[in-house]
Amino acid sequence: MARILPATDVVVIGLGWTGSILAHEMCEAGLRVVAIERGPWRDTATDFPTTYAQDELRYHIRHDLFLRPAQETVTMRNNTSQNALPMRTWGSFMPPNGVGGGGVHWNGQTWRFLPSDFRLRSHLTERYGAKAIPEDMTIQDWGVTYEELEPHYDRFEYLCGTSGKAGNLAGKTQPGGNPFEGARSREYPTPPQQQPYAPTLFAKAALEAGCHPFPQPSSNLSQPYTNTLGMKLGPCTYCGFCEWFGCGNYSKASPQTTVLPSLVRKLNFEARTQCEVIRINKDASGKQATGVTYVDTAGEEWEQPADLVILCAFQMFNVRLLLESGIGKPYDPATNEGVIGRNFSYQTTSGVDAFFENKNFNPFVASGAVGMIIDDYNGDNFDHSGLGFVGGGYMGAGMTNGRPIEGLRTPPGTPAWGADWKRAVTDNYPSSYGFAAHGSCYSYRGNAMDLDPTYIDRFGRKLLRMTFDFHDNELKMSQYLTDRLAEIVQKMGPKQVVKHPRTGPYNSSVYQTTHLCGGAVMGTDPKTSALNRYLQSWDVSNLFVMGATAFPQNAGYNPTNTVGALAYWAAQAIRTQYLKNPGPLVPV
Amino acid sequence: MALKRRELLSSTIAAVFAVTTAACATTVTGALPWTASAADPPKPVTPGGWLYFTPEEAGVVEVFVDHLIPPDPKTPGARDAGVAVYIDRQLAGPYGSSAGLYMRPPFADGSPQQGAQSALTPAARYRVALAALDQHCRQRFAGKSYRDIPADQQVDLIRQMEKGSLVLANANARAFFEVILKNTQEGFFADPIYGGNRDMVGWKMIGFPGAIYDYRDWVGRHNERYPNPPVGIGGSTI
């Protein structure tokens, strides 16, 4: 039996980006907050100092900062006719673990979604007619608009100190920025990072192609910055160890560098680490949460009562906890009814490799989010008439790393080993380059999450099961984006260009990106969404669910900035509306 | 929900040992938790004899990896770069025993999209495959071990393993080829503290400077080769 602890006002499940932000906001509102995190406490000086953070084997190949699959994993199948099997080691995505969550080891790409992304079904129907949307595509409007989120994007960017160049200030196009972006209320907190050689060449070629290159918005900072909570960040030194790694230099925005030092000083805050929440508890009516039950490292169960529960775990673990706790109707793809597990989406990434002569890119002089990008083929920034697909993505030349185990590019036809391989690797390391397209992934009836009937975790609880495949719309889009990218790369004068459009079926064993989305989405209709427009559960009004879990489908951008903006949007609703009058913020 | 306490305890302890030395649930309030010297630096490999391989196995692995990355006039091959030592130490550690991975049954064959599903740990895979390769060679080459047959026949066997055309008794030759190729490239390019990439030969070969901390002066120096020698996290530069 769980032992019952003294009640608190708020319990936060998971202390990553959204958990840190929500805990801070709730403490500012004067509430007592307990955050429960199943991983360890992590900090810059102890866990990823510059003296050994740059260890490709430990952090990238052996996944040192990530969740251990032995603790929890997910089963996977491409469609319902297959038996799902467990991901025994991580592959296409990397679930985080520990304080800071994915904010510790992200690349720092800090994008806003387009205004049209938030009203996707309405927008596409207005422009192309309802028939342009495939019958089994379950895309929805978000229930929140870009204009409503703008102040919250701004808040997250000023928390991070994001480096970039505005392309649209209050509706006026700005030279050097992204002309397609939604209107910003002000400039980025810091100017863009300095660009290495390859992004500079790409930008020139993109301009010649009639496109609109601009520096990628980066939370690896271009200069020292003191953020809105008084935290000081240093300039990025281009060490080339961002994604998969913690930043030893206080240059990458993370909960550690932007929120936690302020949060822990609040006397109404407490964090419990290495404690795993196994259930959100409900009262007899089933309409109110009473707190959570968690297990500590000794195997003891504890019940933490709370008036308000804020679920801030990674996407798939949010979905699983909702299913385990019996909150919201589980989704059934056969009938298209139910909301938990519905509209699970991902990201459609692709690439173009190019091999040059007489060029030296020094690929290790890098930063997770530095690079020159075009947004001409994202969202509905281009006319889709006659193309046979909807959606799009950004593309360009990032300069994330030159780490040698991860990927040594060789021209097609090179043997995988032996003297010829060794020669090709040596010749092409400084002069080859991988360009990337980062495409949207819309939601479908067949792509969903539920509980696995066979495989269990260390507590004997059912693992989450994901059923996912890329659909024709996404594969056509990926081919189109990859072709456009290759045309621009060709203008850079390489001796060889190799296109890698995304192809099906979805392969869970090959790393693509950790942008898992949906499963408990926000919206305007409790029949097709688990959360209302304030990320509040339709079923249990004192439960809010943060993260990309709420995305009804994914846009052609990295999700973190939108996750951060939604966190501040929800926090504001809790502080200004919910606390005054606890209950549903949107009538059911 | 009733937890199976015995099972929980044992699996938790295993997971914790694989992760970190700090194993206890902790409460943090009032200040950032800080303990002097609490960092968790990597542990350099210990010198000395083989920890996992038998001398016979180690001899075969040294020959095998030296075909995967052979020596040339400028750069040593995998054997002299210490790759067999790297693999030995990896197999003797958490990687070799699949620590932290999801290893619960049932183990079923799936599609390639579902990822590896074998119950074999990397350490067991090497042991089984090396024994099967030895048996195969002794039968086919008049009692000789892999290391004692002519080099062109050693290479030919690797090609057959890569193609999936070599059938070994009780071992998946293709799966073994994939894992040893991956481990060989890891060992050739990982930081030297793990036993391979001796004298940073892998990094020098391609021009990767290793654990350099600050490249700010080089961002704007376009198309110029970075001239400085590599540095490892062990601190030494060549």
# chains A, B, ... in the order shown; residues from 1 in each chain; ligands from 1
call {"tool": "residues_around", "arguments": {"residues": "Pro415 in chain A", "least_positions_apart": "3", "cutoff": "12 Å", "atoms": "only C-alpha atoms", "output": "NGL selection string"}}
result
(:A and (409-412 or 418-425)) or (:B and (68-69 or 159 or 162))
call {"tool": "closest_atom_pairs", "arguments": {"of": "range 196-256 of chain A", "to": "range 550-572 of chain A", "cutoff": "12 Å", "atoms": "only C-alpha atoms", "output": "JSON lines"}}
result
{"residue": "A:Gln216", "atom": "CA", "partner": "A:Tyr557", "partner_atom": "CA", "distance": 11.1}
{"residue": "A:Pro217", "atom": "CA", "partner": "A:Asn561", "partner_atom": "CA", "distance": 10.2}
{"residue": "A:Ser218", "atom": "CA", "partner": "A:Asn561", "partner_atom": "CA", "distance": 10.6}
{"residue": "A:Ser219", "atom": "CA", "partner": "A:Asn561", "partner_atom": "CA", "distance": 10.0}
{"residue": "A:Ala253", "atom": "CA", "partner": "A:Thr560", "partner_atom": "CA", "distance": 11.3}
{"residue": "A:Ser254", "atom": "CA", "partner": "A:Thr560", "partner_atom": "CA", "distance": 10.9}
{"residue": "A:Pro255", "atom": "CA", "partner": "A:Gly564", "partner_atom": "CA", "distance": 11.2}
call {"tool": "write_last_selection", "arguments": {"atoms": "C-alpha atoms", "output": "PDB file, in the first residue's frame"}}
result
ATOM      1  CA  GLN A 216      18.231  29.468 -38.416  1.00  0.00           C
ATOM      2  CA  PRO A 217      16.862  30.666 -35.056  1.00  0.00           C
ATOM      3  CA  SER A 218      19.236  29.187 -32.501  1.00  0.00           C
ATOM      4  CA  SER A 219      19.243  28.830 -28.746  1.00  0.00           C
ATOM      5  CA  ALA A 253      19.328  27.277 -23.414  1.00  0.00           C
ATOM      6  CA  SER A 254      18.079  24.465 -21.182  1.00  0.00           C
ATOM      7  CA  PRO A 255      16.101  24.261 -17.945  1.00  0.00           C
TER       8      PRO A 255
END
call {"tool": "closest_atom_pairs", "arguments": {"of": "range 273-306 of chain A", "to": "range 521-540 of chain A", "cutoff": "10 Å", "atoms": "only C-alpha atoms", "output": "Markdown table"}}
result
| residue | atom | partner | partner_atom | distance |
| --- | --- | --- | --- | --- |
| A:Lys282 | CA | A:Val540 | CA | 8.5 |
| A:Ser285 | CA | A:Val540 | CA | 9.9 |
| A:Gly286 | CA | A:Val540 | CA | 7.4 |
| A:Lys287 | CA | A:Val540 | CA | 4.6 |
| A:Gln288 | CA | A:Val540 | CA | 5.1 |
| A:Ala289 | CA | A:Val540 | CA | 6.5 |
call {"tool": "atom_distance", "arguments": {"atom1": "CA of Glu37 in chain A", "atom2": "CA of Cys312 in chain A"}}
result
9.7 Å
call {"tool": "select_by_dssp", "arguments": {"residues": "range 14-235 of chain B", "states": "alpha helix (DSSP H)", "output": "PyMOL selection string"}}
result
chain B and resi 14-19+55-68+83-92+122-140+151-163+173-189+201-206
call {"tool": "select_by_dssp", "arguments": {"residues": "range 201-349 of chain A", "states": "strand (DSSP E)", "output": "ChimeraX atom specification"}}
result
/A:214-215,225-226,232-233,269-273,276-282,289-295,301-311,342-345,348-349
call {"tool": "residues_around", "arguments": {"residues": "range 124-136 of chain B", "least_positions_apart": "5", "cutoff": "12 Å", "atoms": "only C-alpha atoms", "output": "NGL selection string"}}
result
:B and (52-54 or 56-61 or 64 or 87-88 or 90-92 or 95-98 or 118-119 or 141-149 or 154 or 157-158 or 160-161 or 166-180 or 183)
call {"tool": "residues_around", "arguments": {"residues": "Glu208 in chain A", "least_positions_apart": "6", "cutoff": "10 Å", "atoms": "only C-alpha atoms", "output": "list in words"}}
result
Phe202, Ile488 and Lys491 of chain A
call {"tool": "closest_residue", "arguments": {"among": "B:Gly49, B:Gly164, B:Gly220, B:Pro122", "to": "chain A", "atoms": "only C-alpha atoms"}}
result
B:Gly220
call {"tool": "closest_residue", "arguments": {"among": "A:Cys242, A:Val33, A:Leu5, A:Met76", "to": "chain B", "atoms": "only C-alpha atoms"}}
result
A:Met76
call {"tool": "closest_residue", "arguments": {"among": "A:Ile13, A:Leu475, A:Ile139, A:Ala209", "to": "Leu321 in chain A", "atoms": "only C-alpha atoms"}}
result
A:Ile13
call {"tool": "residues_around", "arguments": {"residues": "range 385-389 of chain A", "least_positions_apart": "4", "cutoff": "10 Å", "atoms": "only C-alpha atoms", "output": "short mmCIF file (atom, residue, chain, number, x, y, z; two decimals) with N, CA, C and O atoms, in the first residue's frame"}}
result
data_model
loop_
_atom_site.label_atom_id
_atom_site.label_comp_id
_atom_site.auth_asym_id
_atom_site.auth_seq_id
_atom_site.Cartn_x
_atom_site.Cartn_y
_atom_site.Cartn_z
N ARG A 127 -8.46 27.11 -48.99
CA ARG A 127 -7.63 27.39 -50.17
C ARG A 127 -7.78 26.34 -51.27
O ARG A 127 -7.75 26.67 -52.45
N TYR A 128 -7.91 25.06 -50.87
CA TYR A 128 -7.90 24.00 -51.90
C TYR A 128 -9.19 23.19 -51.95
O TYR A 128 -9.34 22.32 -52.80
N ALA A 132 -9.01 18.19 -51.06
CA ALA A 132 -7.55 18.16 -51.05
C ALA A 132 -7.02 17.40 -49.83
O ALA A 132 -5.85 17.03 -49.78
N ILE A 133 -7.88 17.17 -48.85
CA ILE A 133 -7.45 16.48 -47.62
C ILE A 133 -7.87 15.01 -47.71
O ILE A 133 -9.06 14.72 -47.82
N PRO A 134 -6.90 14.09 -47.71
CA PRO A 134 -7.24 12.67 -47.82
C PRO A 134 -8.24 12.24 -46.75
O PRO A 134 -8.24 12.77 -45.63
N ASP A 472 1.25 8.21 -48.00
CA ASP A 472 1.64 8.68 -49.33
C ASP A 472 1.83 10.20 -49.36
O ASP A 472 2.73 10.70 -50.03
N ASN A 473 0.94 10.91 -48.67
CA ASN A 473 1.05 12.37 -48.66
C ASN A 473 2.43 12.82 -48.18
O ASN A 473 3.06 13.68 -48.80
N GLU A 474 2.89 12.22 -47.09
CA GLU A 474 4.19 12.62 -46.52
C GLU A 474 5.35 12.17 -47.42
O GLU A 474 6.34 12.88 -47.57
N LEU A 475 5.22 10.99 -48.01
CA LEU A 475 6.32 10.49 -48.85
C LEU A 475 6.43 11.32 -50.14
O LEU A 475 7.54 11.63 -50.59
N LYS A 476 5.29 11.71 -50.70
CA LYS A 476 5.31 12.59 -51.89
C LYS A 476 5.92 13.93 -51.54
O LYS A 476 6.70 14.51 -52.30
N MET A 477 5.51 14.44 -50.38
CA MET A 477 6.05 15.73 -49.93
C MET A 477 7.57 15.64 -49.76
O MET A 477 8.30 16.53 -50.18
N SER A 478 8.02 14.55 -49.15
CA SER A 478 9.45 14.39 -48.89
C SER A 478 10.22 14.35 -50.21
O SER A 478 11.30 14.95 -50.33
N TYR A 480 9.34 15.73 -53.00
CA TYR A 480 9.29 17.09 -53.56
C TYR A 480 10.31 18.00 -52.87
O TYR A 480 11.10 18.70 -53.52
#
call {"tool": "residues_around", "arguments": {"residues": "Gly14 in chain A", "least_positions_apart": "4", "cutoff": "10 Å", "atoms": "only C-alpha atoms", "output": "mmCIF file with N, CA and C atoms, in the first residue's frame"}}
result
data_model
loop_
_atom_site.group_PDB
_atom_site.id
_atom_site.type_symbol
_atom_site.label_atom_id
_atom_site.label_comp_id
_atom_site.auth_asym_id
_atom_site.auth_seq_id
_atom_site.Cartn_x
_atom_site.Cartn_y
_atom_site.Cartn_z
ATOM 1 N N THR A 18 8.872 21.849 -19.887
ATOM 2 C CA THR A 18 7.548 22.319 -19.481
ATOM 3 C C THR A 18 7.369 22.205 -17.971
ATOM 4 N N GLY A 19 7.919 21.169 -17.354
ATOM 5 C CA GLY A 19 7.809 21.012 -15.907
ATOM 6 C C GLY A 19 8.489 22.162 -15.184
ATOM 7 N N SER A 20 9.670 22.561 -15.670
ATOM 8 C CA SER A 20 10.393 23.667 -15.038
ATOM 9 C C SER A 20 9.614 24.970 -15.170
ATOM 10 N N ALA A 35 7.606 18.780 -7.640
ATOM 11 C CA ALA A 35 7.883 18.199 -8.958
ATOM 12 C C ALA A 35 8.485 16.815 -8.759
ATOM 13 N N ILE A 36 7.947 15.839 -9.482
ATOM 14 C CA ILE A 36 8.424 14.464 -9.339
ATOM 15 C C ILE A 36 9.038 14.022 -10.661
ATOM 16 N N GLU A 37 10.301 13.646 -10.608
ATOM 17 C CA GLU A 37 11.080 13.337 -11.822
ATOM 18 C C GLU A 37 11.696 11.944 -11.649
ATOM 19 N N ARG A 38 11.523 11.099 -12.653
ATOM 20 C CA ARG A 38 12.001 9.719 -12.475
ATOM 21 C C ARG A 38 13.497 9.546 -12.726
ATOM 22 N N GLY A 39 14.111 10.527 -13.394
ATOM 23 C CA GLY A 39 15.553 10.445 -13.614
ATOM 24 C C GLY A 39 16.312 11.189 -12.538
ATOM 25 N N ASN A 97 15.566 11.597 -20.133
ATOM 26 C CA ASN A 97 15.461 11.148 -18.747
ATOM 27 C C ASN A 97 16.181 12.155 -17.871
ATOM 28 N N GLY A 98 15.657 12.395 -16.690
ATOM 29 C CA GLY A 98 16.377 13.238 -15.745
ATOM 30 C C GLY A 98 15.966 14.699 -15.823
ATOM 31 N N VAL A 99 16.399 15.438 -14.803
ATOM 32 C CA VAL A 99 16.054 16.855 -14.705
ATOM 33 C C VAL A 99 16.594 17.602 -15.930
ATOM 34 N N GLY A 100 15.737 18.411 -16.527
ATOM 35 C CA GLY A 100 16.094 19.107 -17.762
ATOM 36 C C GLY A 100 15.488 18.436 -18.984
ATOM 37 N N GLY A 101 15.235 17.131 -18.874
ATOM 38 C CA GLY A 101 14.605 16.381 -19.955
ATOM 39 C C GLY A 101 15.314 16.569 -21.277
ATOM 40 N N ALA A 271 11.661 19.426 -5.402
ATOM 41 C CA ALA A 271 11.777 18.407 -6.454
ATOM 42 C C ALA A 271 12.110 17.075 -5.814
ATOM 43 N N ARG A 272 11.485 16.017 -6.299
ATOM 44 C CA ARG A 272 11.876 14.661 -5.877
ATOM 45 C C ARG A 272 12.344 13.925 -7.118
ATOM 46 N N THR A 273 13.635 13.577 -7.110
ATOM 47 C CA THR A 273 14.201 12.912 -8.289
ATOM 48 C C THR A 273 14.281 11.409 -8.050
ATOM 49 N N CYS A 275 12.184 9.313 -8.766
ATOM 50 C CA CYS A 275 10.873 8.841 -8.326
ATOM 51 C C CYS A 275 9.960 8.800 -9.546
ATOM 52 N N GLU A 276 9.365 7.655 -9.812
ATOM 53 C CA GLU A 276 8.581 7.491 -11.037
ATOM 54 C C GLU A 276 7.087 7.470 -10.730
ATOM 55 N N VAL A 277 6.378 8.427 -11.292
ATOM 56 C CA VAL A 277 4.924 8.446 -11.136
ATOM 57 C C VAL A 277 4.342 7.297 -11.945
ATOM 58 N N ILE A 310 -0.156 18.667 -12.998
ATOM 59 C CA ILE A 310 0.309 19.119 -14.311
ATOM 60 C C ILE A 310 1.256 18.048 -14.860
ATOM 61 N N LEU A 311 0.814 17.420 -15.959
ATOM 62 C CA LEU A 311 1.548 16.297 -16.553
ATOM 63 C C LEU A 311 2.539 16.845 -17.569
ATOM 64 N N CYS A 312 3.832 16.681 -17.286
ATOM 65 C CA CYS A 312 4.892 17.319 -18.081
ATOM 66 C C CYS A 312 5.947 16.316 -18.529
ATOM 67 N N ALA A 313 5.569 15.050 -18.676
ATOM 68 C CA ALA A 313 6.529 14.046 -19.130
ATOM 69 C C ALA A 313 6.690 14.148 -20.648
ATOM 70 N N PHE A 314 7.574 13.309 -21.207
ATOM 71 C CA PHE A 314 7.761 13.266 -22.654
ATOM 72 C C PHE A 314 6.477 12.747 -23.314
ATOM 73 N N PHE A 317 5.097 9.214 -22.793
ATOM 74 C CA PHE A 317 4.848 8.846 -21.397
ATOM 75 C C PHE A 317 3.641 9.603 -20.836
ATOM 76 N N ASN A 318 3.375 10.785 -21.385
ATOM 77 C CA ASN A 318 2.111 11.450 -21.064
ATOM 78 C C ASN A 318 0.939 10.574 -21.493
#
call {"tool": "residues_around", "arguments": {"residues": "Met205 in chain B", "least_positions_apart": "3", "cutoff": "12 Å", "atoms": "only C-alpha atoms", "output": "ChimeraX atom specification"}}
result
/A:404,422-430 /B:69,71-77,81,188-189,197-202,208-210,229-230
call {"tool": "closest_atom_pairs", "arguments": {"of": "range 98-217 of chain B", "to": "range 87-92 of chain A", "cutoff": "8 Å", "atoms": "only C-alpha atoms", "output": "JSON lines"}}
result
{"residue": "B:Leu101", "atom": "CA", "partner": "A:Thr89", "partner_atom": "CA", "distance": 5.6}
{"residue": "B:Tyr102", "atom": "CA", "partner": "A:Arg88", "partner_atom": "CA", "distance": 4.5}
{"residue": "B:Met103", "atom": "CA", "partner": "A:Arg88", "partner_atom": "CA", "distance": 6.6}
{"residue": "B:Gln114", "atom": "CA", "partner": "A:Met87", "partner_atom": "CA", "distance": 7.0}
{"residue": "B:Gly115", "atom": "CA", "partner": "A:Met87", "partner_atom": "CA", "distance": 6.7}
{"residue": "B:Ala116", "atom": "CA", "partner": "A:Arg88", "partner_atom": "CA", "distance": 7.2}
{"residue": "B:Gln117", "atom": "CA", "partner": "A:Arg88", "partner_atom": "CA", "distance": 6.9}
call {"tool": "atom_distance", "arguments": {"atom1": "CA of Thr162 in chain A", "atom2": "CA of Thr190 in chain A"}}
result
6.1 Å
call {"tool": "atom_distance", "arguments": {"atom1": "CA of Cys247 in chain A", "atom2": "CA of Ser163 in chain A"}}
result
16.3 Å
